[in-house]
Amino acid sequence: MSDEKKKAVLDLLARHRIPLIEDDIYGDIYFGEERPKPFTALDPHGNTIYCSSFSKTIAPGYRVGWIATGRHMERVLENKFAFTLCGPALPQAALAEFLSSGGYDSHLRRVRRTFRDNIDRMIRTIDRAFPRGTRVSRPEGGFVLWLQLPKPLASRELFEAALKKGVCFVPGDVFSASDRYTNCLRLSCGSAWHPRIEKGLETLGELACALLTRQLGPRRAQRRSPGRPRIPGSETRPRRHRERRGRLPSDR
């Protein structure tokens, strides 16, 4: 979201006296030259409650995060004391030392390169292995990919078939309370790259092609190949791919 649109959201919320809770756990994992500005940096009203964590950048097991409350400090403290009187002291002390040493900044540079490379590799494999008509996001940070499968392929049916092959992902309907995104899925790119990841993606693509063939027939359900035109909406693929391989589909 652009800064202008963020400011418009903040103005709308301010008019209705509604605070914004901002979850920025992926904010430090950006791939551009500058970190995207969070809402709280653009909020002149102090009406944003900013939340973040080390769970996505260092390790989820530390269970350490933070809140910048704006003008809602008293209310937030009341709720924190009611639910979690005290956070884990030792992990907080270890992370404080890590931050003060400068190690966190160099660590972030390293993980950004790793996640960006993982995303590149996964998109290339999806491009090769999944059915024609599959669309994939171009994230500008983080380590997850959002896929839209060609209809009538349902990600829940694909999920059940993939589990039997030892492959797991998050079906799109998990992210909706109204049966939306039934042909979508989310993939994690957060693990160190390994041939078994590529093999798992190829298996997932084969299963998707097989299910689509069963539903549409072999003439209409085809796997994408380097010689075929790219999918509609190809602007939703990473620009870096386009630079390396010509016109490849490119989002956040």
# chains A, B, ... in the order shown; residues from 1 in each chain; ligands from 1

$ select_by_dssp --residues "stretch 4-250 of chain A" --states "strand (DSSP E or B)" --output "PyMOL selection string"
chain A and resi 20-23+30+48-53+65-68+131+135-136+141+144-148+170-171+184-188+223

$ write_last_selection --atoms "C-alpha atoms" --output "mmCIF file, in the first residue's frame"
data_model
loop_
_atom_site.group_PDB
_atom_site.id
_atom_site.type_symbol
_atom_site.label_atom_id
_atom_site.label_comp_id
_atom_site.auth_asym_id
_atom_site.auth_seq_id
_atom_site.Cartn_x
_atom_site.Cartn_y
_atom_site.Cartn_z
ATOM 1 C CA LEU A 20 -5.544 1.045 14.148
ATOM 2 C CA ILE A 21 -3.717 -2.090 15.325
ATOM 3 C CA GLU A 22 -0.779 -2.576 12.962
ATOM 4 C CA ASP A 23 0.869 -6.006 12.754
ATOM 5 C CA TYR A 30 11.978 -6.128 2.634
ATOM 6 C CA THR A 48 -1.907 3.515 15.819
ATOM 7 C CA ILE A 49 -0.963 0.611 18.074
ATOM 8 C CA TYR A 50 2.156 -0.813 16.435
ATOM 9 C CA CYS A 51 3.002 -4.480 17.003
ATOM 10 C CA SER A 52 5.995 -6.478 15.813
ATOM 11 C CA SER A 53 8.079 -9.492 16.754
ATOM 12 C CA GLY A 65 7.656 -9.046 20.503
ATOM 13 C CA TRP A 66 6.876 -5.441 21.269
ATOM 14 C CA ILE A 67 4.148 -2.809 21.130
ATOM 15 C CA ALA A 68 4.369 0.924 20.494
ATOM 16 C CA PRO A 131 -0.875 -26.115 -14.607
ATOM 17 C CA ARG A 135 -0.926 -17.195 -10.965
ATOM 18 C CA VAL A 136 1.611 -16.360 -8.262
ATOM 19 C CA GLY A 141 9.337 -8.835 1.273
ATOM 20 C CA VAL A 144 5.435 -16.545 1.601
ATOM 21 C CA LEU A 145 3.914 -16.945 -1.854
ATOM 22 C CA TRP A 146 0.223 -16.718 -2.721
ATOM 23 C CA LEU A 147 -0.924 -18.909 -5.595
ATOM 24 C CA GLN A 148 -4.179 -18.746 -7.511
ATOM 25 C CA VAL A 170 -2.003 -23.763 3.610
ATOM 26 C CA PRO A 171 -5.258 -23.900 1.596
ATOM 27 C CA CYS A 184 -5.847 -20.338 -3.780
ATOM 28 C CA LEU A 185 -3.042 -21.510 -1.515
ATOM 29 C CA ARG A 186 -0.097 -20.142 0.457
ATOM 30 C CA LEU A 187 3.430 -21.559 0.301
ATOM 31 C CA SER A 188 6.240 -20.841 2.752
ATOM 32 C CA ARG A 223 1.120 -28.039 -17.665
#

$ select_by_dssp --residues "stretch 80-234 of chain A" --states "helix (DSSP H, G or I)" --output "tab-separated table (two decimals) with N, CA and C atoms, in the first residue's frame"
chain	number	residue	atom	x	y	z
A	80	LYS	N	-2.35	-6.07	29.25
A	80	LYS	CA	-1.17	-6.93	29.34
A	80	LYS	C	-1.05	-7.51	30.75
A	81	PHE	N	-1.21	-6.68	31.76
A	81	PHE	CA	-1.11	-7.18	33.12
A	81	PHE	C	-2.20	-8.21	33.42
A	82	ALA	N	-3.33	-8.07	32.77
A	82	ALA	CA	-4.42	-9.02	33.00
A	82	ALA	C	-4.14	-10.38	32.37
A	83	PHE	N	-3.42	-10.39	31.24
A	83	PHE	CA	-3.20	-11.64	30.50
A	83	PHE	C	-1.79	-12.20	30.64
A	89	ALA	N	12.22	-13.19	30.70
A	89	ALA	CA	13.31	-12.23	30.93
A	89	ALA	C	14.60	-12.61	30.20
A	90	LEU	N	14.97	-13.89	30.24
A	90	LEU	CA	16.25	-14.30	29.65
A	90	LEU	C	16.29	-14.10	28.13
A	91	PRO	N	15.28	-14.56	27.38
A	91	PRO	CA	15.31	-14.28	25.94
A	91	PRO	C	15.33	-12.80	25.61
A	92	GLN	N	14.61	-11.99	26.40
A	92	GLN	CA	14.63	-10.55	26.16
A	92	GLN	C	16.02	-9.97	26.38
A	93	ALA	N	16.72	-10.43	27.41
A	93	ALA	CA	18.08	-9.94	27.67
A	93	ALA	C	19.03	-10.37	26.56
A	94	ALA	N	18.88	-11.60	26.07
A	94	ALA	CA	19.74	-12.09	24.98
A	94	ALA	C	19.50	-11.29	23.69
A	95	LEU	N	18.25	-11.02	23.40
A	95	LEU	CA	17.94	-10.26	22.19
A	95	LEU	C	18.39	-8.80	22.32
A	96	ALA	N	18.29	-8.23	23.52
A	96	ALA	CA	18.76	-6.86	23.74
A	96	ALA	C	20.27	-6.77	23.46
A	97	GLU	N	21.02	-7.77	23.90
A	97	GLU	CA	22.45	-7.80	23.64
A	97	GLU	C	22.74	-7.94	22.15
A	98	PHE	N	21.97	-8.79	21.49
A	98	PHE	CA	22.13	-8.99	20.05
A	98	PHE	C	21.87	-7.70	19.28
A	99	LEU	N	20.84	-6.97	19.68
A	99	LEU	CA	20.52	-5.70	19.03
A	99	LEU	C	21.61	-4.66	19.26
A	100	SER	N	22.08	-4.54	20.47
A	100	SER	CA	23.08	-3.52	20.80
A	100	SER	C	24.42	-3.80	20.15
A	103	GLY	N	24.57	-7.04	15.61
A	103	GLY	CA	24.42	-8.32	14.93
A	103	GLY	C	23.08	-8.48	14.22
A	104	TYR	N	22.06	-7.80	14.74
A	104	TYR	CA	20.73	-7.96	14.13
A	104	TYR	C	20.70	-7.38	12.72
A	105	ASP	N	21.35	-6.25	12.49
A	105	ASP	CA	21.35	-5.63	11.17
A	105	ASP	C	22.03	-6.52	10.14
A	106	SER	N	23.17	-7.09	10.47
A	106	SER	CA	23.85	-7.97	9.53
A	106	SER	C	23.06	-9.25	9.30
A	107	HIS	N	22.41	-9.73	10.37
A	107	HIS	CA	21.55	-10.91	10.23
A	107	HIS	C	20.40	-10.63	9.28
A	108	LEU	N	19.79	-9.46	9.38
A	108	LEU	CA	18.67	-9.11	8.49
A	108	LEU	C	19.13	-9.05	7.04
A	109	ARG	N	20.28	-8.50	6.77
A	109	ARG	CA	20.77	-8.46	5.40
A	109	ARG	C	20.93	-9.86	4.83
A	110	ARG	N	21.40	-10.76	5.67
A	110	ARG	CA	21.61	-12.14	5.23
A	110	ARG	C	20.28	-12.85	4.97
A	111	VAL	N	19.31	-12.70	5.88
A	111	VAL	CA	18.05	-13.41	5.69
A	111	VAL	C	17.25	-12.83	4.53
A	112	ARG	N	17.39	-11.52	4.28
A	112	ARG	CA	16.72	-10.95	3.11
A	112	ARG	C	17.22	-11.59	1.83
A	113	ARG	N	18.53	-11.74	1.71
A	113	ARG	CA	19.09	-12.39	0.53
A	113	ARG	C	18.62	-13.83	0.42
A	114	THR	N	18.58	-14.53	1.55
A	114	THR	CA	18.16	-15.94	1.55
A	114	THR	C	16.70	-16.07	1.14
A	115	PHE	N	15.83	-15.26	1.71
A	115	PHE	CA	14.40	-15.36	1.39
A	115	PHE	C	14.13	-14.95	-0.06
A	116	ARG	N	14.82	-13.93	-0.52
A	116	ARG	CA	14.62	-13.50	-1.91
A	116	ARG	C	15.05	-14.61	-2.87
A	117	ASP	N	16.18	-15.25	-2.56
A	117	ASP	CA	16.65	-16.35	-3.41
A	117	ASP	C	15.68	-17.52	-3.37
A	118	ASN	N	15.16	-17.84	-2.17
A	118	ASN	CA	14.19	-18.93	-2.05
A	118	ASN	C	12.94	-18.65	-2.89
A	119	ILE	N	12.47	-17.42	-2.83
A	119	ILE	CA	11.28	-17.05	-3.60
A	119	ILE	C	11.56	-17.18	-5.10
A	120	ASP	N	12.73	-16.74	-5.54
A	120	ASP	CA	13.11	-16.88	-6.94
A	120	ASP	C	13.06	-18.34	-7.38
A	121	ARG	N	13.68	-19.20	-6.58
A	121	ARG	CA	13.75	-20.62	-6.92
A	121	ARG	C	12.36	-21.26	-6.96
A	122	MET	N	11.54	-20.90	-5.97
A	122	MET	CA	10.20	-21.50	-5.91
A	122	MET	C	9.34	-21.04	-7.08
A	123	ILE	N	9.44	-19.77	-7.46
A	123	ILE	CA	8.64	-19.28	-8.58
A	123	ILE	C	9.08	-19.97	-9.87
A	124	ARG	N	10.37	-20.17	-10.06
A	124	ARG	CA	10.84	-20.85	-11.27
A	124	ARG	C	10.31	-22.29	-11.32
A	125	THR	N	10.28	-22.96	-10.16
A	125	THR	CA	9.77	-24.32	-10.13
A	125	THR	C	8.27	-24.36	-10.38
A	126	ILE	N	7.53	-23.43	-9.77
A	126	ILE	CA	6.09	-23.33	-10.01
A	126	ILE	C	5.82	-23.06	-11.48
A	127	ASP	N	6.61	-22.19	-12.07
A	127	ASP	CA	6.47	-21.85	-13.48
A	127	ASP	C	6.56	-23.09	-14.37
A	128	ARG	N	7.42	-24.00	-13.95
A	128	ARG	CA	7.68	-25.19	-14.76
A	128	ARG	C	6.69	-26.31	-14.48
A	129	ALA	N	6.25	-26.46	-13.22
A	129	ALA	CA	5.56	-27.67	-12.81
A	129	ALA	C	4.05	-27.55	-12.68
A	155	SER	N	-8.12	-25.85	-3.83
A	155	SER	CA	-6.89	-26.08	-3.07
A	155	SER	C	-7.11	-27.05	-1.92
A	156	ARG	N	-8.34	-27.14	-1.40
A	156	ARG	CA	-8.60	-28.08	-0.30
A	156	ARG	C	-8.48	-29.52	-0.80
A	157	GLU	N	-8.97	-29.80	-2.00
A	157	GLU	CA	-8.84	-31.14	-2.58
A	157	GLU	C	-7.37	-31.45	-2.86
A	158	LEU	N	-6.65	-30.45	-3.36
A	158	LEU	CA	-5.22	-30.61	-3.61
A	158	LEU	C	-4.47	-30.84	-2.30
A	159	PHE	N	-4.89	-30.16	-1.25
A	159	PHE	CA	-4.27	-30.31	0.07
A	159	PHE	C	-4.38	-31.75	0.56
A	160	GLU	N	-5.55	-32.33	0.44
A	160	GLU	CA	-5.75	-33.71	0.90
A	160	GLU	C	-4.88	-34.68	0.10
A	161	ALA	N	-4.77	-34.46	-1.21
A	161	ALA	CA	-3.94	-35.33	-2.04
A	161	ALA	C	-2.46	-35.14	-1.72
A	162	ALA	N	-2.06	-33.88	-1.45
A	162	ALA	CA	-0.65	-33.59	-1.18
A	162	ALA	C	-0.19	-34.19	0.15
A	163	LEU	N	-1.06	-34.17	1.15
A	163	LEU	CA	-0.69	-34.74	2.45
A	163	LEU	C	-0.31	-36.22	2.32
A	164	LYS	N	-0.99	-36.93	1.46
A	164	LYS	CA	-0.69	-38.35	1.26
A	164	LYS	C	0.69	-38.55	0.65
A	172	GLY	N	-6.24	-21.90	0.67
A	172	GLY	CA	-6.68	-20.52	0.70
A	172	GLY	C	-7.91	-20.27	1.54
A	173	ASP	N	-8.81	-21.27	1.66
A	173	ASP	CA	-10.04	-21.03	2.40
A	173	ASP	C	-9.80	-20.82	3.90
A	174	VAL	N	-8.61	-21.16	4.38
A	174	VAL	CA	-8.25	-20.90	5.77
A	174	VAL	C	-8.25	-19.40	6.06
A	175	PHE	N	-8.01	-18.59	5.03
A	175	PHE	CA	-7.90	-17.15	5.21
A	175	PHE	C	-9.21	-16.42	4.96
A	195	PRO	N	17.10	-29.70	-2.31
A	195	PRO	CA	16.45	-30.40	-3.43
A	195	PRO	C	15.09	-31.01	-3.09
A	196	ARG	N	14.88	-31.37	-1.82
A	196	ARG	CA	13.60	-31.97	-1.46
A	196	ARG	C	12.46	-30.94	-1.56
A	197	ILE	N	12.79	-29.65	-1.39
A	197	ILE	CA	11.78	-28.61	-1.55
A	197	ILE	C	11.36	-28.53	-3.01
A	198	GLU	N	12.35	-28.54	-3.90
A	198	GLU	CA	12.04	-28.53	-5.33
A	198	GLU	C	11.23	-29.76	-5.71
A	199	LYS	N	11.61	-30.92	-5.18
A	199	LYS	CA	10.87	-32.14	-5.47
A	199	LYS	C	9.44	-32.06	-4.94
A	200	GLY	N	9.28	-31.50	-3.75
A	200	GLY	CA	7.94	-31.35	-3.19
A	200	GLY	C	7.06	-30.44	-4.04
A	201	LEU	N	7.64	-29.34	-4.56
A	201	LEU	CA	6.89	-28.45	-5.44
A	201	LEU	C	6.52	-29.15	-6.75
A	202	GLU	N	7.45	-29.93	-7.29
A	202	GLU	CA	7.16	-30.66	-8.52
A	202	GLU	C	6.03	-31.67	-8.28
A	203	THR	N	6.08	-32.34	-7.13
A	203	THR	CA	5.00	-33.29	-6.79
A	203	THR	C	3.67	-32.56	-6.68
A	204	LEU	N	3.69	-31.39	-6.04
A	204	LEU	CA	2.46	-30.61	-5.89
A	204	LEU	C	1.93	-30.19	-7.25
A	205	GLY	N	2.83	-29.76	-8.14
A	205	GLY	CA	2.42	-29.39	-9.48
A	205	GLY	C	1.83	-30.56	-10.25
A	206	GLU	N	2.44	-31.73	-10.11
A	206	GLU	CA	1.92	-32.92	-10.78
A	206	GLU	C	0.52	-33.28	-10.27
A	207	LEU	N	0.33	-33.17	-8.96
A	207	LEU	CA	-0.99	-33.45	-8.39
A	207	LEU	C	-2.03	-32.44	-8.90
A	208	ALA	N	-1.64	-31.17	-8.96
A	208	ALA	CA	-2.56	-30.14	-9.45
A	208	ALA	C	-2.93	-30.42	-10.90
A	209	CYS	N	-1.94	-30.78	-11.72
A	209	CYS	CA	-2.23	-31.09	-13.12
A	209	CYS	C	-3.15	-32.29	-13.24
A	210	ALA	N	-2.90	-33.32	-12.41
A	210	ALA	CA	-3.73	-34.53	-12.47
A	210	ALA	C	-5.17	-34.24	-12.07
A	211	LEU	N	-5.35	-33.45	-11.01
A	211	LEU	CA	-6.70	-33.11	-10.57
A	211	LEU	C	-7.42	-32.27	-11.62
A	212	LEU	N	-6.71	-31.33	-12.20
A	212	LEU	CA	-7.33	-30.48	-13.21
A	212	LEU	C	-7.69	-31.28	-14.46
A	213	THR	N	-6.82	-32.21	-14.83
A	213	THR	CA	-7.11	-33.06	-15.98
A	213	THR	C	-8.36	-33.90	-15.74
A	214	ARG	N	-8.49	-34.40	-14.53
A	214	ARG	CA	-9.66	-35.20	-14.19
A	214	ARG	C	-10.94	-34.38	-14.26
A	215	GLN	N	-10.82	-33.08	-13.92
A	215	GLN	CA	-12.00	-32.23	-13.89
A	215	GLN	C	-12.34	-31.63	-15.25
A	216	LEU	N	-11.31	-31.31	-16.04
A	216	LEU	CA	-11.53	-30.62	-17.32
A	216	LEU	C	-11.31	-31.50	-18.54
A	234	SER	N	0.48	-11.31	-15.99
A	234	SER	CA	1.89	-11.61	-15.80
A	234	SER	C	2.64	-10.50	-15.10

$ closest_residue --among "A:Leu12, A:Arg17, A:Ser191, A:Pro88" --to "A:Val64" --atoms "only C-alpha atoms"
A:Pro88

$ closest_residue --among "A:Gly87, A:Glu74, A:Lys7, A:Lys56" --to "A:Ala41" --atoms "only C-alpha atoms"
A:Lys7

$ atom_distance --atom1 "atom CA of A:Lys37" --atom2 "atom CA of A:Ala192"
28.2 Å
